[in-house]
file entry-v4.cif (mmCIF, N, CA and C atoms)
data_work
loop_
_atom_site.label_atom_id
_atom_site.label_comp_id
_atom_site.auth_asym_id
_atom_site.auth_seq_id
_atom_site.Cartn_x
_atom_site.Cartn_y
_atom_site.Cartn_z
N MET A 116 111.62 -62.63 -123.19
CA MET A 116 111.11 -61.74 -122.17
C MET A 116 110.46 -62.56 -121.08
N GLY A 117 110.78 -62.23 -119.85
CA GLY A 117 110.22 -62.97 -118.73
C GLY A 117 108.84 -62.48 -118.37
N LYS A 118 108.20 -63.20 -117.47
CA LYS A 118 106.90 -62.79 -116.97
C LYS A 118 107.12 -62.03 -115.67
N TYR A 119 106.46 -60.92 -115.54
CA TYR A 119 106.61 -60.10 -114.35
C TYR A 119 105.24 -59.94 -113.69
N PRO A 120 105.19 -60.06 -112.36
CA PRO A 120 103.91 -59.91 -111.66
C PRO A 120 103.37 -58.48 -111.83
N SER A 121 102.05 -58.37 -111.85
CA SER A 121 101.39 -57.07 -112.01
C SER A 121 101.83 -56.09 -110.93
N GLU A 122 102.04 -56.58 -109.71
CA GLU A 122 102.44 -55.71 -108.61
C GLU A 122 103.80 -55.08 -108.88
N LEU A 123 104.73 -55.86 -109.43
CA LEU A 123 106.06 -55.35 -109.74
C LEU A 123 105.97 -54.31 -110.86
N LYS A 124 105.17 -54.60 -111.88
CA LYS A 124 105.00 -53.65 -112.97
C LYS A 124 104.49 -52.32 -112.44
N LEU A 125 103.46 -52.38 -111.60
CA LEU A 125 102.88 -51.16 -111.04
C LEU A 125 103.91 -50.40 -110.21
N LYS A 126 104.67 -51.10 -109.40
CA LYS A 126 105.70 -50.47 -108.57
C LYS A 126 106.71 -49.72 -109.43
N ILE A 127 107.15 -50.35 -110.52
CA ILE A 127 108.14 -49.75 -111.41
C ILE A 127 107.54 -48.54 -112.13
N VAL A 128 106.32 -48.68 -112.62
CA VAL A 128 105.65 -47.58 -113.33
C VAL A 128 105.48 -46.38 -112.41
N LEU A 129 105.00 -46.61 -111.20
CA LEU A 129 104.79 -45.51 -110.27
C LEU A 129 106.11 -44.84 -109.88
N GLU A 130 107.14 -45.65 -109.73
CA GLU A 130 108.46 -45.10 -109.41
C GLU A 130 108.94 -44.19 -110.54
N TYR A 131 108.70 -44.61 -111.77
CA TYR A 131 109.08 -43.78 -112.91
C TYR A 131 108.24 -42.50 -112.96
N LEU A 132 106.93 -42.64 -112.81
CA LEU A 132 106.04 -41.48 -112.92
C LEU A 132 106.23 -40.46 -111.81
N GLU A 133 106.70 -40.92 -110.65
CA GLU A 133 106.96 -40.00 -109.55
C GLU A 133 108.27 -39.24 -109.76
N GLY A 134 108.99 -39.59 -110.82
CA GLY A 134 110.21 -38.87 -111.16
C GLY A 134 111.43 -39.31 -110.37
N HIS A 135 111.35 -40.48 -109.74
CA HIS A 135 112.47 -40.93 -108.93
C HIS A 135 113.57 -41.63 -109.73
N SER A 136 113.26 -41.97 -110.99
CA SER A 136 114.26 -42.72 -111.74
C SER A 136 113.99 -42.62 -113.24
N SER A 137 114.93 -43.17 -114.01
CA SER A 137 114.80 -43.20 -115.47
C SER A 137 114.60 -44.65 -115.91
N TYR A 138 114.25 -44.84 -117.17
CA TYR A 138 114.07 -46.20 -117.68
C TYR A 138 115.33 -47.04 -117.51
N PRO A 139 116.51 -46.54 -117.93
CA PRO A 139 117.72 -47.37 -117.78
C PRO A 139 118.03 -47.73 -116.32
N ARG A 140 117.84 -46.77 -115.42
CA ARG A 140 118.12 -47.06 -114.00
C ARG A 140 117.15 -48.09 -113.45
N LEU A 141 115.88 -47.98 -113.85
CA LEU A 141 114.89 -48.97 -113.39
C LEU A 141 115.21 -50.35 -113.95
N CYS A 142 115.68 -50.40 -115.18
CA CYS A 142 116.08 -51.69 -115.76
C CYS A 142 117.20 -52.32 -114.94
N ASP A 143 118.18 -51.52 -114.59
CA ASP A 143 119.29 -52.04 -113.78
C ASP A 143 118.81 -52.46 -112.39
N LYS A 144 118.00 -51.63 -111.78
CA LYS A 144 117.53 -51.89 -110.41
C LYS A 144 116.70 -53.17 -110.32
N TYR A 145 115.81 -53.39 -111.32
CA TYR A 145 114.89 -54.53 -111.25
C TYR A 145 115.25 -55.66 -112.22
N ASN A 146 116.43 -55.54 -112.82
CA ASN A 146 116.92 -56.58 -113.73
C ASN A 146 115.96 -56.84 -114.90
N ILE A 147 115.51 -55.76 -115.51
CA ILE A 147 114.67 -55.83 -116.71
C ILE A 147 115.62 -55.67 -117.90
N PRO A 148 115.61 -56.59 -118.86
CA PRO A 148 116.62 -56.56 -119.91
C PRO A 148 116.49 -55.45 -120.94
N ASN A 149 115.30 -54.83 -121.08
CA ASN A 149 115.13 -53.86 -122.15
C ASN A 149 114.30 -52.68 -121.67
N VAL A 150 114.76 -51.46 -121.95
CA VAL A 150 114.02 -50.28 -121.50
C VAL A 150 112.65 -50.16 -122.16
N SER A 151 112.51 -50.73 -123.34
CA SER A 151 111.21 -50.64 -124.03
C SER A 151 110.12 -51.39 -123.26
N THR A 152 110.52 -52.38 -122.48
CA THR A 152 109.55 -53.12 -121.67
C THR A 152 108.90 -52.17 -120.66
N ILE A 153 109.70 -51.41 -119.97
CA ILE A 153 109.18 -50.46 -118.98
C ILE A 153 108.40 -49.35 -119.69
N TYR A 154 108.91 -48.90 -120.81
CA TYR A 154 108.20 -47.89 -121.59
C TYR A 154 106.79 -48.36 -121.94
N GLN A 155 106.67 -49.61 -122.36
CA GLN A 155 105.36 -50.17 -122.71
C GLN A 155 104.44 -50.22 -121.50
N TRP A 156 104.99 -50.60 -120.34
CA TRP A 156 104.18 -50.63 -119.12
C TRP A 156 103.66 -49.24 -118.78
N VAL A 157 104.55 -48.24 -118.88
CA VAL A 157 104.16 -46.86 -118.55
C VAL A 157 103.08 -46.40 -119.53
N HIS A 158 103.29 -46.68 -120.79
CA HIS A 158 102.31 -46.28 -121.81
C HIS A 158 100.96 -46.98 -121.54
N GLN A 159 101.02 -48.25 -121.23
CA GLN A 159 99.81 -49.02 -120.94
C GLN A 159 99.08 -48.42 -119.73
N TYR A 160 99.83 -48.13 -118.68
CA TYR A 160 99.25 -47.59 -117.44
C TYR A 160 98.64 -46.20 -117.67
N THR A 161 99.38 -45.34 -118.37
CA THR A 161 98.88 -43.98 -118.59
C THR A 161 97.74 -43.94 -119.60
N SER A 162 97.55 -45.02 -120.34
CA SER A 162 96.41 -45.13 -121.26
C SER A 162 95.17 -45.69 -120.57
N GLY A 163 95.31 -46.00 -119.27
CA GLY A 163 94.18 -46.49 -118.50
C GLY A 163 93.95 -47.98 -118.60
N LYS A 164 94.95 -48.71 -119.10
CA LYS A 164 94.80 -50.16 -119.23
C LYS A 164 95.40 -50.87 -118.03
N GLN A 165 94.97 -52.09 -117.82
CA GLN A 165 95.46 -52.91 -116.70
C GLN A 165 96.88 -53.39 -116.99
N LEU A 166 97.69 -53.46 -115.97
CA LEU A 166 99.03 -54.04 -116.08
C LEU A 166 98.95 -55.50 -115.68
N THR A 167 98.55 -56.34 -116.60
CA THR A 167 98.37 -57.75 -116.30
C THR A 167 99.47 -58.57 -116.93
N THR A 168 99.60 -59.77 -116.43
CA THR A 168 100.54 -60.73 -117.00
C THR A 168 99.85 -61.40 -118.18
N ARG A 169 100.57 -61.58 -119.24
CA ARG A 169 99.98 -62.23 -120.41
C ARG A 169 99.59 -63.66 -120.08
N SER A 170 98.45 -64.03 -120.58
CA SER A 170 98.03 -65.42 -120.40
C SER A 170 97.72 -66.00 -121.77
N VAL A 171 98.10 -67.21 -121.95
CA VAL A 171 97.87 -67.88 -123.22
C VAL A 171 96.82 -68.94 -123.00
N LYS A 172 95.76 -68.86 -123.79
CA LYS A 172 94.71 -69.87 -123.69
C LYS A 172 95.18 -71.11 -124.41
N GLN A 173 95.06 -72.23 -123.75
CA GLN A 173 95.44 -73.48 -124.36
C GLN A 173 94.20 -74.26 -124.76
N VAL A 174 94.31 -74.95 -125.87
CA VAL A 174 93.22 -75.78 -126.34
C VAL A 174 93.19 -77.02 -125.44
N LYS A 175 92.06 -77.24 -124.78
CA LYS A 175 91.99 -78.35 -123.84
C LYS A 175 91.63 -79.66 -124.53
N ASP A 176 90.65 -79.62 -125.39
CA ASP A 176 90.20 -80.84 -126.03
C ASP A 176 90.48 -80.79 -127.53
N GLY A 177 91.72 -80.54 -127.87
CA GLY A 177 92.09 -80.46 -129.27
C GLY A 177 92.01 -81.82 -129.93
N ARG A 178 91.96 -81.78 -131.24
CA ARG A 178 91.94 -83.03 -131.98
C ARG A 178 92.85 -82.90 -133.18
N LYS A 179 93.20 -83.99 -133.76
CA LYS A 179 94.03 -83.99 -134.95
C LYS A 179 93.22 -83.44 -136.12
N THR A 180 93.83 -82.59 -136.92
CA THR A 180 93.16 -82.08 -138.10
C THR A 180 94.00 -82.40 -139.33
N THR A 181 93.33 -82.48 -140.45
CA THR A 181 94.04 -82.74 -141.70
C THR A 181 94.55 -81.42 -142.25
N GLN A 182 95.44 -81.49 -143.21
CA GLN A 182 95.96 -80.29 -143.86
C GLN A 182 94.81 -79.50 -144.49
N LEU A 183 93.88 -80.19 -145.13
CA LEU A 183 92.75 -79.54 -145.77
C LEU A 183 91.87 -78.81 -144.75
N GLU A 184 91.64 -79.43 -143.58
CA GLU A 184 90.84 -78.78 -142.54
C GLU A 184 91.53 -77.52 -142.04
N ARG A 185 92.84 -77.57 -141.86
CA ARG A 185 93.57 -76.40 -141.39
C ARG A 185 93.50 -75.26 -142.40
N VAL A 186 93.60 -75.59 -143.68
CA VAL A 186 93.48 -74.57 -144.73
C VAL A 186 92.08 -73.96 -144.70
N GLU A 187 91.05 -74.78 -144.54
CA GLU A 187 89.68 -74.27 -144.47
C GLU A 187 89.48 -73.36 -143.26
N ILE A 188 90.05 -73.73 -142.14
CA ILE A 188 89.94 -72.92 -140.92
C ILE A 188 90.58 -71.55 -141.14
N VAL A 189 91.77 -71.54 -141.70
CA VAL A 189 92.47 -70.27 -141.94
C VAL A 189 91.69 -69.42 -142.93
N GLN A 190 91.17 -70.02 -143.98
CA GLN A 190 90.38 -69.26 -144.96
C GLN A 190 89.14 -68.66 -144.31
N TRP A 191 88.48 -69.41 -143.43
CA TRP A 191 87.30 -68.90 -142.74
C TRP A 191 87.67 -67.73 -141.83
N ILE A 192 88.79 -67.85 -141.11
CA ILE A 192 89.23 -66.78 -140.21
C ILE A 192 89.51 -65.51 -141.02
N ILE A 193 90.21 -65.64 -142.13
CA ILE A 193 90.53 -64.48 -142.96
C ILE A 193 89.25 -63.87 -143.54
N ALA A 194 88.35 -64.70 -144.03
CA ALA A 194 87.11 -64.22 -144.64
C ALA A 194 86.23 -63.48 -143.63
N ASN A 195 86.33 -63.83 -142.37
CA ASN A 195 85.50 -63.21 -141.33
C ASN A 195 86.24 -62.16 -140.51
N ASP A 196 87.41 -61.72 -141.01
CA ASP A 196 88.20 -60.68 -140.33
C ASP A 196 88.43 -60.98 -138.86
N MET A 197 88.83 -62.19 -138.56
CA MET A 197 89.07 -62.59 -137.17
C MET A 197 90.53 -63.00 -137.01
N ASP A 198 90.96 -63.02 -135.76
CA ASP A 198 92.24 -63.64 -135.47
C ASP A 198 91.93 -65.01 -134.85
N TYR A 199 92.96 -65.81 -134.68
CA TYR A 199 92.76 -67.18 -134.23
C TYR A 199 92.10 -67.25 -132.86
N SER A 200 92.50 -66.37 -131.94
CA SER A 200 91.93 -66.38 -130.59
C SER A 200 90.43 -66.09 -130.61
N ARG A 201 90.02 -65.12 -131.41
CA ARG A 201 88.59 -64.80 -131.50
C ARG A 201 87.83 -65.92 -132.18
N ALA A 202 88.44 -66.59 -133.16
CA ALA A 202 87.77 -67.68 -133.85
C ALA A 202 87.53 -68.86 -132.92
N ILE A 203 88.44 -69.09 -131.97
CA ILE A 203 88.27 -70.17 -131.01
C ILE A 203 87.02 -69.95 -130.17
N GLU A 204 86.82 -68.67 -129.78
CA GLU A 204 85.66 -68.34 -128.95
C GLU A 204 84.37 -68.59 -129.71
#

call {"tool": "encode", "arguments": {"input": "entry-v4.cif", "output": "structure tokens"}}
result
Amino acid sequence: MGKYPSELKLKIVLEYLEGHSSYPRLCDKYNIPNVSTIYQWVHQYTSGKQLTTRSVKQVKDGRKTTQLERVEIVQWIIANDMDYSRAIE
């Protein structure tokens, strides 16, 4: 799946909500490979959420870890009901 600018997402969502087109037609018009992508944007927008581009946080000052350290990290994350992104914070 490609990255789409927030402005394009909003344009497509509004075009759909105004009743000017269907999911398949919008996919063809804007070269979106899957109708579920547009469906998700519409659902996200109508739920009051922002239509943002996904961003992946990268570890800037990472270091080498041993297998044992990685196992301990995963066990700590599971024990504290966290996901990896929240554990980094």

call {"tool": "residues_around", "arguments": {"input": "entry-v4.cif", "residues": "region 130-139 of chain A", "least_positions_apart": "3", "cutoff": "9 Å", "atoms": "only C-alpha atoms", "output": "list in words"}}
result
Leu125, Lys126, Ile127, Cys142, Asp143, Lys144, Asn149, Val150, Ser151, Ile153, Tyr154 and Val157 of chain A

call {"tool": "atom_distance", "arguments": {"input": "entry-v4.cif", "atom1": "CA of Ser121 (chain A)", "atom2": "CA of Leu166 (chain A)"}}
result
5.6 Å

call {"tool": "atom_distance", "arguments": {"input": "entry-v4.cif", "atom1": "atom C of Leu123 (chain A)", "atom2": "atom C of Gln159 (chain A)"}}
result
12.7 Å

call {"tool": "atom_distance", "arguments": {"input": "entry-v4.cif", "atom1": "atom N of Thr161 (chain A)", "atom2": "CA of Asp196 (chain A)"}}
result
29.0 Å
